[in-house]
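Visitor: Below you'll find structure05.txt; it's compact mmCIF, N, CA and C atoms.
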# COMPACT_ATOMS: atom_id res chain seq x y z
N MET A 1445 7.30 20.96 -7.51
CA MET A 1445 5.96 20.40 -7.36
C MET A 1445 5.30 20.12 -8.70
N SER A 1446 5.77 20.74 -9.75
CA SER A 1446 5.14 20.55 -11.05
C SER A 1446 5.35 19.14 -11.60
N ASN A 1447 6.31 18.42 -11.08
CA ASN A 1447 6.59 17.07 -11.57
C ASN A 1447 5.90 15.99 -10.76
N ILE A 1448 4.95 16.35 -9.94
CA ILE A 1448 4.30 15.38 -9.07
C ILE A 1448 3.54 14.32 -9.86
N ALA A 1449 3.04 14.66 -11.03
CA ALA A 1449 2.33 13.69 -11.86
C ALA A 1449 3.28 12.66 -12.46
N LYS A 1450 4.58 12.98 -12.49
CA LYS A 1450 5.56 12.09 -13.08
C LYS A 1450 6.17 11.12 -12.07
N ILE A 1451 5.80 11.22 -10.83
CA ILE A 1451 6.37 10.36 -9.79
C ILE A 1451 5.97 8.93 -10.06
N GLU A 1452 6.95 8.05 -9.98
CA GLU A 1452 6.73 6.63 -10.23
C GLU A 1452 7.00 5.86 -8.94
N PHE A 1453 6.27 4.79 -8.75
CA PHE A 1453 6.56 3.87 -7.67
C PHE A 1453 6.33 2.47 -8.17
N HIS A 1454 6.69 1.49 -7.37
CA HIS A 1454 6.63 0.10 -7.81
C HIS A 1454 5.21 -0.30 -8.17
N ALA A 1455 5.08 -1.03 -9.26
CA ALA A 1455 3.78 -1.50 -9.72
C ALA A 1455 3.24 -2.56 -8.76
N LEU A 1456 1.93 -2.62 -8.65
CA LEU A 1456 1.29 -3.64 -7.84
C LEU A 1456 1.55 -5.01 -8.48
N GLU A 1457 2.15 -5.89 -7.73
CA GLU A 1457 2.48 -7.22 -8.25
C GLU A 1457 1.22 -8.08 -8.33
N TYR A 1458 1.24 -9.03 -9.24
CA TYR A 1458 0.10 -9.91 -9.44
C TYR A 1458 -0.22 -10.69 -8.17
N SER A 1459 0.82 -11.04 -7.42
CA SER A 1459 0.62 -11.78 -6.18
C SER A 1459 0.08 -10.89 -5.06
N GLY A 1460 0.22 -9.58 -5.23
CA GLY A 1460 -0.24 -8.64 -4.21
C GLY A 1460 0.73 -8.49 -3.06
N LYS A 1461 1.93 -9.01 -3.23
CA LYS A 1461 2.92 -8.99 -2.15
C LYS A 1461 3.22 -7.57 -1.67
N ASN A 1462 3.18 -6.61 -2.58
CA ASN A 1462 3.49 -5.23 -2.20
C ASN A 1462 2.24 -4.35 -2.12
N TYR A 1463 1.08 -4.97 -1.89
CA TYR A 1463 -0.17 -4.22 -1.86
C TYR A 1463 -0.17 -3.12 -0.80
N MET A 1464 0.36 -3.40 0.37
CA MET A 1464 0.35 -2.44 1.46
C MET A 1464 1.05 -1.14 1.04
N SER A 1465 2.27 -1.23 0.57
CA SER A 1465 3.01 -0.03 0.20
C SER A 1465 2.42 0.60 -1.06
N TRP A 1466 1.95 -0.23 -1.99
CA TRP A 1466 1.34 0.30 -3.22
C TRP A 1466 0.09 1.11 -2.90
N ALA A 1467 -0.78 0.60 -2.06
CA ALA A 1467 -2.02 1.30 -1.72
C ALA A 1467 -1.74 2.63 -1.04
N ILE A 1468 -0.75 2.66 -0.19
CA ILE A 1468 -0.38 3.91 0.49
C ILE A 1468 0.17 4.90 -0.52
N ASP A 1469 1.05 4.43 -1.42
CA ASP A 1469 1.61 5.31 -2.45
C ASP A 1469 0.53 5.87 -3.36
N VAL A 1470 -0.39 5.03 -3.78
CA VAL A 1470 -1.47 5.48 -4.67
C VAL A 1470 -2.36 6.49 -3.94
N HIS A 1471 -2.66 6.24 -2.68
CA HIS A 1471 -3.48 7.17 -1.90
C HIS A 1471 -2.80 8.54 -1.81
N ILE A 1472 -1.52 8.55 -1.51
CA ILE A 1472 -0.78 9.81 -1.40
C ILE A 1472 -0.74 10.52 -2.76
N HIS A 1473 -0.54 9.75 -3.80
CA HIS A 1473 -0.48 10.32 -5.15
C HIS A 1473 -1.83 10.95 -5.53
N ARG A 1474 -2.93 10.27 -5.21
CA ARG A 1474 -4.26 10.82 -5.49
C ARG A 1474 -4.52 12.08 -4.68
N GLU A 1475 -4.06 12.09 -3.44
CA GLU A 1475 -4.20 13.29 -2.60
C GLU A 1475 -3.46 14.45 -3.23
N ALA A 1476 -2.25 14.20 -3.70
CA ALA A 1476 -1.44 15.26 -4.31
C ALA A 1476 -2.10 15.79 -5.58
N MET A 1477 -2.80 14.93 -6.29
CA MET A 1477 -3.47 15.35 -7.52
C MET A 1477 -4.87 15.93 -7.24
N ALA A 1478 -5.26 15.96 -5.97
CA ALA A 1478 -6.56 16.49 -5.53
C ALA A 1478 -7.73 15.71 -6.13
N ILE A 1479 -7.57 14.40 -6.27
CA ILE A 1479 -8.64 13.55 -6.80
C ILE A 1479 -8.83 12.31 -5.92
N SER A 1480 -8.56 12.45 -4.64
CA SER A 1480 -8.61 11.29 -3.75
C SER A 1480 -10.02 10.77 -3.51
N GLU A 1481 -11.02 11.60 -3.65
CA GLU A 1481 -12.39 11.19 -3.36
C GLU A 1481 -13.05 10.45 -4.52
N THR A 1482 -12.35 10.26 -5.61
CA THR A 1482 -12.96 9.63 -6.79
C THR A 1482 -13.23 8.15 -6.59
N ILE A 1483 -12.65 7.54 -5.58
CA ILE A 1483 -12.91 6.12 -5.35
C ILE A 1483 -14.03 5.88 -4.35
N ILE A 1484 -14.70 6.93 -3.94
CA ILE A 1484 -15.82 6.81 -3.02
C ILE A 1484 -17.11 6.69 -3.82
N GLU A 1485 -17.99 5.80 -3.37
CA GLU A 1485 -19.27 5.64 -4.06
C GLU A 1485 -20.05 6.95 -4.07
N ARG A 1486 -20.79 7.14 -5.13
CA ARG A 1486 -21.65 8.32 -5.32
C ARG A 1486 -20.87 9.64 -5.24
N ASN A 1487 -19.67 9.64 -5.77
CA ASN A 1487 -18.91 10.88 -5.76
C ASN A 1487 -19.38 11.78 -6.90
N VAL A 1488 -19.00 13.03 -6.85
CA VAL A 1488 -19.48 14.00 -7.84
C VAL A 1488 -18.36 14.48 -8.76
N TYR A 1489 -17.34 13.68 -8.91
CA TYR A 1489 -16.23 14.07 -9.76
C TYR A 1489 -16.57 13.90 -11.22
N SER A 1490 -15.91 14.67 -12.04
CA SER A 1490 -16.15 14.64 -13.49
C SER A 1490 -15.58 13.35 -14.09
N PRO A 1491 -16.07 12.98 -15.26
CA PRO A 1491 -15.52 11.80 -15.95
C PRO A 1491 -14.03 11.95 -16.23
N GLN A 1492 -13.55 13.17 -16.42
CA GLN A 1492 -12.12 13.38 -16.65
C GLN A 1492 -11.30 13.04 -15.41
N ASP A 1493 -11.80 13.44 -14.23
CA ASP A 1493 -11.10 13.11 -12.99
C ASP A 1493 -11.11 11.61 -12.74
N LYS A 1494 -12.23 10.98 -13.01
CA LYS A 1494 -12.30 9.52 -12.85
C LYS A 1494 -11.34 8.83 -13.81
N ALA A 1495 -11.22 9.35 -15.02
CA ALA A 1495 -10.28 8.78 -16.00
C ALA A 1495 -8.84 8.95 -15.52
N LYS A 1496 -8.53 10.09 -14.90
CA LYS A 1496 -7.18 10.30 -14.35
C LYS A 1496 -6.85 9.24 -13.31
N VAL A 1497 -7.82 8.94 -12.46
CA VAL A 1497 -7.59 7.95 -11.41
C VAL A 1497 -7.43 6.56 -12.00
N ILE A 1498 -8.26 6.20 -12.96
CA ILE A 1498 -8.14 4.89 -13.62
C ILE A 1498 -6.76 4.77 -14.26
N ILE A 1499 -6.31 5.82 -14.94
CA ILE A 1499 -4.99 5.80 -15.56
C ILE A 1499 -3.92 5.65 -14.49
N CYS A 1500 -4.05 6.38 -13.40
CA CYS A 1500 -3.09 6.31 -12.29
C CYS A 1500 -3.03 4.90 -11.72
N LEU A 1501 -4.19 4.30 -11.50
CA LEU A 1501 -4.23 2.95 -10.94
C LEU A 1501 -3.66 1.92 -11.91
N ARG A 1502 -4.07 1.99 -13.16
CA ARG A 1502 -3.65 1.00 -14.16
C ARG A 1502 -2.16 1.06 -14.46
N LYS A 1503 -1.61 2.26 -14.53
CA LYS A 1503 -0.19 2.35 -14.90
C LYS A 1503 0.71 1.80 -13.80
N ASP A 1504 0.19 1.67 -12.61
CA ASP A 1504 0.98 1.17 -11.49
C ASP A 1504 0.55 -0.24 -11.08
N MET A 1505 0.14 -1.02 -12.07
CA MET A 1505 -0.21 -2.43 -11.85
C MET A 1505 0.59 -3.28 -12.84
N GLU A 1506 0.95 -4.48 -12.41
CA GLU A 1506 1.63 -5.39 -13.33
C GLU A 1506 0.72 -5.71 -14.51
N GLU A 1507 1.32 -6.07 -15.62
CA GLU A 1507 0.58 -6.26 -16.86
C GLU A 1507 -0.53 -7.30 -16.74
N MET A 1508 -0.27 -8.43 -16.12
CA MET A 1508 -1.29 -9.48 -15.98
C MET A 1508 -2.47 -8.99 -15.15
N LEU A 1509 -2.19 -8.23 -14.13
CA LEU A 1509 -3.25 -7.67 -13.28
C LEU A 1509 -4.06 -6.65 -14.06
N ARG A 1510 -3.39 -5.87 -14.88
CA ARG A 1510 -4.06 -4.89 -15.72
C ARG A 1510 -5.03 -5.57 -16.68
N TYR A 1511 -4.59 -6.67 -17.29
CA TYR A 1511 -5.46 -7.41 -18.21
C TYR A 1511 -6.67 -7.99 -17.49
N GLU A 1512 -6.46 -8.43 -16.27
CA GLU A 1512 -7.56 -9.03 -15.51
C GLU A 1512 -8.68 -8.03 -15.24
N TYR A 1513 -8.31 -6.77 -15.04
CA TYR A 1513 -9.30 -5.73 -14.75
C TYR A 1513 -9.46 -4.77 -15.93
N LEU A 1514 -9.26 -5.27 -17.12
CA LEU A 1514 -9.29 -4.46 -18.34
C LEU A 1514 -10.63 -3.76 -18.55
N ASN A 1515 -11.74 -4.41 -18.25
CA ASN A 1515 -13.06 -3.85 -18.50
C ASN A 1515 -13.60 -2.98 -17.37
N THR A 1516 -12.86 -2.85 -16.30
CA THR A 1516 -13.30 -2.03 -15.18
C THR A 1516 -12.92 -0.58 -15.45
N THR A 1517 -13.92 0.26 -15.62
CA THR A 1517 -13.66 1.66 -15.95
C THR A 1517 -14.04 2.64 -14.84
N ASP A 1518 -14.64 2.15 -13.79
CA ASP A 1518 -14.99 3.01 -12.65
C ASP A 1518 -13.91 2.86 -11.59
N PRO A 1519 -13.26 3.96 -11.17
CA PRO A 1519 -12.18 3.84 -10.19
C PRO A 1519 -12.63 3.27 -8.85
N ASN A 1520 -13.87 3.55 -8.46
CA ASN A 1520 -14.39 3.02 -7.20
C ASN A 1520 -14.47 1.49 -7.26
N ILE A 1521 -14.98 0.96 -8.36
CA ILE A 1521 -15.10 -0.49 -8.51
C ILE A 1521 -13.72 -1.14 -8.57
N LEU A 1522 -12.80 -0.55 -9.33
CA LEU A 1522 -11.46 -1.10 -9.44
C LEU A 1522 -10.76 -1.10 -8.09
N TRP A 1523 -10.84 0.01 -7.37
CA TRP A 1523 -10.20 0.11 -6.05
C TRP A 1523 -10.77 -0.94 -5.09
N ASN A 1524 -12.10 -1.06 -5.07
CA ASN A 1524 -12.73 -2.02 -4.17
C ASN A 1524 -12.40 -3.47 -4.55
N ASN A 1525 -12.32 -3.75 -5.85
CA ASN A 1525 -11.94 -5.10 -6.29
C ASN A 1525 -10.52 -5.44 -5.86
N LEU A 1526 -9.61 -4.51 -6.02
CA LEU A 1526 -8.22 -4.74 -5.60
C LEU A 1526 -8.12 -4.87 -4.09
N LYS A 1527 -8.88 -4.04 -3.39
CA LYS A 1527 -8.87 -4.10 -1.93
C LYS A 1527 -9.43 -5.44 -1.44
N GLU A 1528 -10.51 -5.88 -2.04
CA GLU A 1528 -11.10 -7.17 -1.67
C GLU A 1528 -10.13 -8.32 -1.94
N ARG A 1529 -9.41 -8.20 -3.03
CA ARG A 1529 -8.49 -9.27 -3.44
C ARG A 1529 -7.23 -9.32 -2.57
N PHE A 1530 -6.69 -8.15 -2.18
CA PHE A 1530 -5.39 -8.13 -1.54
C PHE A 1530 -5.38 -7.64 -0.09
N ASP A 1531 -6.46 -7.06 0.40
CA ASP A 1531 -6.44 -6.47 1.74
C ASP A 1531 -6.33 -7.50 2.86
N HIS A 1532 -6.50 -8.75 2.53
CA HIS A 1532 -6.36 -9.80 3.53
C HIS A 1532 -4.93 -9.90 4.06
N GLN A 1533 -4.01 -9.20 3.43
CA GLN A 1533 -2.62 -9.29 3.84
C GLN A 1533 -2.41 -8.79 5.27
N LYS A 1534 -3.35 -8.01 5.77
CA LYS A 1534 -3.24 -7.60 7.16
C LYS A 1534 -3.21 -8.82 8.07
N GLU A 1535 -4.02 -9.82 7.72
CA GLU A 1535 -4.05 -11.04 8.53
C GLU A 1535 -2.77 -11.86 8.38
N VAL A 1536 -2.05 -11.66 7.29
CA VAL A 1536 -0.79 -12.38 7.07
C VAL A 1536 0.37 -11.61 7.67
N ILE A 1537 0.38 -10.30 7.44
CA ILE A 1537 1.50 -9.47 7.87
C ILE A 1537 1.56 -9.34 9.38
N LEU A 1538 0.42 -9.13 10.02
CA LEU A 1538 0.39 -8.89 11.46
C LEU A 1538 0.96 -10.05 12.27
N PRO A 1539 0.54 -11.30 12.06
CA PRO A 1539 1.14 -12.38 12.85
C PRO A 1539 2.64 -12.52 12.65
N ASN A 1540 3.10 -12.35 11.40
CA ASN A 1540 4.54 -12.43 11.14
C ASN A 1540 5.29 -11.30 11.84
N ALA A 1541 4.72 -10.11 11.81
CA ALA A 1541 5.35 -8.97 12.46
C ALA A 1541 5.37 -9.17 13.98
N LYS A 1542 4.31 -9.74 14.54
CA LYS A 1542 4.28 -10.00 15.98
C LYS A 1542 5.36 -10.99 16.39
N VAL A 1543 5.55 -12.02 15.58
CA VAL A 1543 6.59 -13.01 15.87
C VAL A 1543 7.97 -12.36 15.81
N GLU A 1544 8.19 -11.54 14.78
CA GLU A 1544 9.48 -10.85 14.67
C GLU A 1544 9.68 -9.88 15.82
N TRP A 1545 8.60 -9.20 16.23
CA TRP A 1545 8.69 -8.24 17.33
C TRP A 1545 9.06 -8.94 18.63
N MET A 1546 8.46 -10.09 18.88
CA MET A 1546 8.73 -10.82 20.12
C MET A 1546 10.16 -11.37 20.13
N ALA A 1547 10.71 -11.68 18.95
CA ALA A 1547 12.05 -12.23 18.87
C ALA A 1547 13.14 -11.16 18.75
N LEU A 1548 12.74 -9.92 18.59
CA LEU A 1548 13.69 -8.83 18.39
C LEU A 1548 14.45 -8.53 19.68
N ARG A 1549 15.76 -8.67 19.61
CA ARG A 1549 16.61 -8.37 20.77
C ARG A 1549 17.81 -7.57 20.28
N PHE A 1550 18.10 -6.51 20.97
CA PHE A 1550 19.20 -5.64 20.59
C PHE A 1550 20.53 -6.39 20.55
N GLN A 1551 20.73 -7.30 21.48
CA GLN A 1551 22.01 -8.02 21.58
C GLN A 1551 22.25 -8.97 20.42
N ASP A 1552 21.24 -9.24 19.62
CA ASP A 1552 21.41 -10.13 18.46
C ASP A 1552 22.02 -9.42 17.25
N PHE A 1553 22.25 -8.12 17.36
CA PHE A 1553 22.76 -7.35 16.24
C PHE A 1553 24.16 -6.84 16.54
N LYS A 1554 25.01 -6.85 15.52
CA LYS A 1554 26.38 -6.36 15.68
C LYS A 1554 26.44 -4.84 15.64
N LYS A 1555 25.52 -4.24 14.87
CA LYS A 1555 25.52 -2.79 14.72
C LYS A 1555 24.16 -2.22 15.12
N VAL A 1556 24.19 -1.03 15.67
CA VAL A 1556 22.97 -0.35 16.05
C VAL A 1556 22.12 -0.08 14.81
N ASN A 1557 22.75 0.27 13.71
CA ASN A 1557 22.01 0.54 12.48
C ASN A 1557 21.23 -0.68 12.01
N ASP A 1558 21.80 -1.87 12.16
CA ASP A 1558 21.09 -3.08 11.77
C ASP A 1558 19.85 -3.30 12.63
N TYR A 1559 19.99 -3.05 13.92
CA TYR A 1559 18.86 -3.17 14.83
C TYR A 1559 17.78 -2.15 14.47
N ASN A 1560 18.20 -0.89 14.28
CA ASN A 1560 17.24 0.17 13.94
C ASN A 1560 16.52 -0.14 12.62
N SER A 1561 17.25 -0.64 11.66
CA SER A 1561 16.66 -0.98 10.38
C SER A 1561 15.57 -2.04 10.54
N THR A 1562 15.86 -3.06 11.31
CA THR A 1562 14.88 -4.11 11.56
C THR A 1562 13.69 -3.57 12.35
N LEU A 1563 13.98 -2.78 13.35
CA LEU A 1563 12.94 -2.19 14.19
C LEU A 1563 11.99 -1.33 13.35
N PHE A 1564 12.56 -0.49 12.48
CA PHE A 1564 11.74 0.41 11.68
C PHE A 1564 11.11 -0.27 10.47
N ARG A 1565 11.42 -1.54 10.26
CA ARG A 1565 10.71 -2.33 9.26
C ARG A 1565 9.51 -3.03 9.91
N ILE A 1566 9.69 -3.48 11.14
CA ILE A 1566 8.63 -4.22 11.84
C ILE A 1566 7.52 -3.28 12.34
N CYS A 1567 7.88 -2.13 12.90
CA CYS A 1567 6.88 -1.23 13.50
C CYS A 1567 5.79 -0.79 12.52
N PRO A 1568 6.11 -0.38 11.29
CA PRO A 1568 5.03 -0.03 10.36
C PRO A 1568 4.11 -1.21 10.03
N GLN A 1569 4.67 -2.40 10.01
CA GLN A 1569 3.85 -3.58 9.76
C GLN A 1569 2.87 -3.80 10.90
N LEU A 1570 3.33 -3.60 12.12
CA LEU A 1570 2.44 -3.73 13.28
C LEU A 1570 1.35 -2.65 13.25
N LYS A 1571 1.74 -1.43 12.93
CA LYS A 1571 0.78 -0.34 12.86
C LYS A 1571 -0.23 -0.57 11.74
N PHE A 1572 0.23 -1.09 10.61
CA PHE A 1572 -0.67 -1.41 9.49
C PHE A 1572 -1.70 -2.45 9.92
N GLY A 1573 -1.30 -3.38 10.78
CA GLY A 1573 -2.21 -4.42 11.26
C GLY A 1573 -3.08 -3.97 12.42
N GLY A 1574 -2.92 -2.72 12.85
CA GLY A 1574 -3.77 -2.19 13.92
C GLY A 1574 -3.15 -2.24 15.30
N GLU A 1575 -1.92 -2.66 15.40
CA GLU A 1575 -1.23 -2.70 16.69
C GLU A 1575 -0.52 -1.39 16.93
N GLU A 1576 -0.64 -0.86 18.12
CA GLU A 1576 0.07 0.37 18.47
C GLU A 1576 1.41 0.00 19.08
N VAL A 1577 2.45 0.71 18.66
CA VAL A 1577 3.79 0.49 19.19
C VAL A 1577 4.22 1.80 19.84
N SER A 1578 4.39 1.76 21.14
CA SER A 1578 4.79 2.98 21.85
C SER A 1578 6.29 3.18 21.75
N ASP A 1579 6.70 4.41 22.03
CA ASP A 1579 8.14 4.73 22.04
C ASP A 1579 8.86 3.93 23.11
N VAL A 1580 8.19 3.73 24.22
CA VAL A 1580 8.78 2.96 25.32
C VAL A 1580 9.03 1.51 24.89
N ALA A 1581 8.09 0.93 24.19
CA ALA A 1581 8.25 -0.45 23.70
C ALA A 1581 9.37 -0.54 22.68
N MET A 1582 9.55 0.51 21.89
CA MET A 1582 10.63 0.51 20.90
C MET A 1582 12.00 0.58 21.55
N ILE A 1583 12.06 1.23 22.70
CA ILE A 1583 13.34 1.34 23.42
C ILE A 1583 13.62 0.05 24.12
Will you turn the file into structure tokens for me?

Guide:
Amino acid sequence: MSNIAKIEFHALEYSGKNYMSWAIDVHIHREAMAISETIIERNVYSPQDKAKVIICLRKDMEEMLRYEYLNTTDPNILWNNLKERFDHQKEVILPNAKVEWMALRFQDFKKVNDYNSTLFRICPQLKFGGEEVSDVAMI
């Protein structure tokens, strides 16, 4: 557990293509560091904790994106700016996932593992977009 601060994950791409997984990874990382509330308005965290979050957010962003938000020093403002810029992906991901879900047929796959892999890629996208996928529907 002592190496939790050293955990690395993919940087947020300038296009925001990986925003969904990046935001989840950053949230989990902040929770592990016990500084998750620093991105909430009117929080009572110390300047040192806010600096930790800014460092955490910046180090996991592509260089061009980092330069774009160079003057943003409040983690709440940076998080909200990134969310405003990239959170629209729910509207992009959900329709694509629905189309894939409707076209998903077990008989189209040669191996069960290939079907499961596709199934377990689509289901989180549906859940991210607010759609519930029951176990019965997965079967």

Visitor: One decimal, in Å: what's the spacing between CA of Phe1550 in chain A and atom C of Gly1574 in chain A?

Guide: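 Value for the CA of Phe1550 in chain A-atom C of Gly1574 in chain A distance: 23.2 Å.
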
Visitor: Pull the alpha helix (DSSP H) assignments for chain A out of DSSP run on the backbone, and list those residues as a ChimeraX atom specification.

Guide: /A:1463-1476,1491-1503,1507-1512,1519-1530,1533-1547,1556-1572,1579-1582

Visitor: So how many Å separate CA of Glu1512 in chain A and atom N of Leu1526 in chain A, to one decimal?

Guide: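 Answer for the CA of Glu1512 in chain A to atom N of Leu1526 in chain A separation: 10.7 Å.
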
Visitor: Hey, what's within 9 Å of Phe1530 in chain A if we count only C-alpha atoms and toss same-chain stuff fewer than 4 positions away? As a list in words, please?

Guide: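 Once the nearby chain positions are removed, what remains is Ser1459, Gly1460, Lys1461, Tyr1463, Met1464, Asn1525, Leu1526 and Lys1534 of chain A.
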
Visitor: Go ahead and compute the interatomic distance for atom C of Cys1567 in chain A and CA of Ala1541 in chain A, in Å to one decimal.

Guide: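 If I compute the distance from atom C of Cys1567 in chain A to CA of Ala1541 in chain A, I get 8.2 Å.
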
Visitor: Choose the residue, out of A:Glu1507, A:Ala1478, A:Tyr1559, A:Ile1566, that has the smallest atom-to-atom separation from Met1546 in chain A; count only C-alpha atoms.

Guide: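 For Met1546 in chain A, the nearest of the candidates is A:Ile1566.
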
Visitor: Counting all atoms listed in the file, select every polymer residue within 8 Å of (-9.4, 5.8, -12.5) as defined in the file's coordinates, and provide the selection as a PyMOL selection string.

Guide: chain A and resi 1482-1483+1493-1502+1516-1520+1522-1523

Visitor: Using only N, CA and C atoms, can you tell me which of A:Ile1472, A:Val1556, A:Leu1538, A:Ala1547 comes closest to Lys1571 in chain A?

Guide: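 Of A:Ile1472, A:Val1556, A:Leu1538, A:Ala1547, the one nearest Lys1571 in chain A, counting only N, CA and C atoms, is A:Leu1538.
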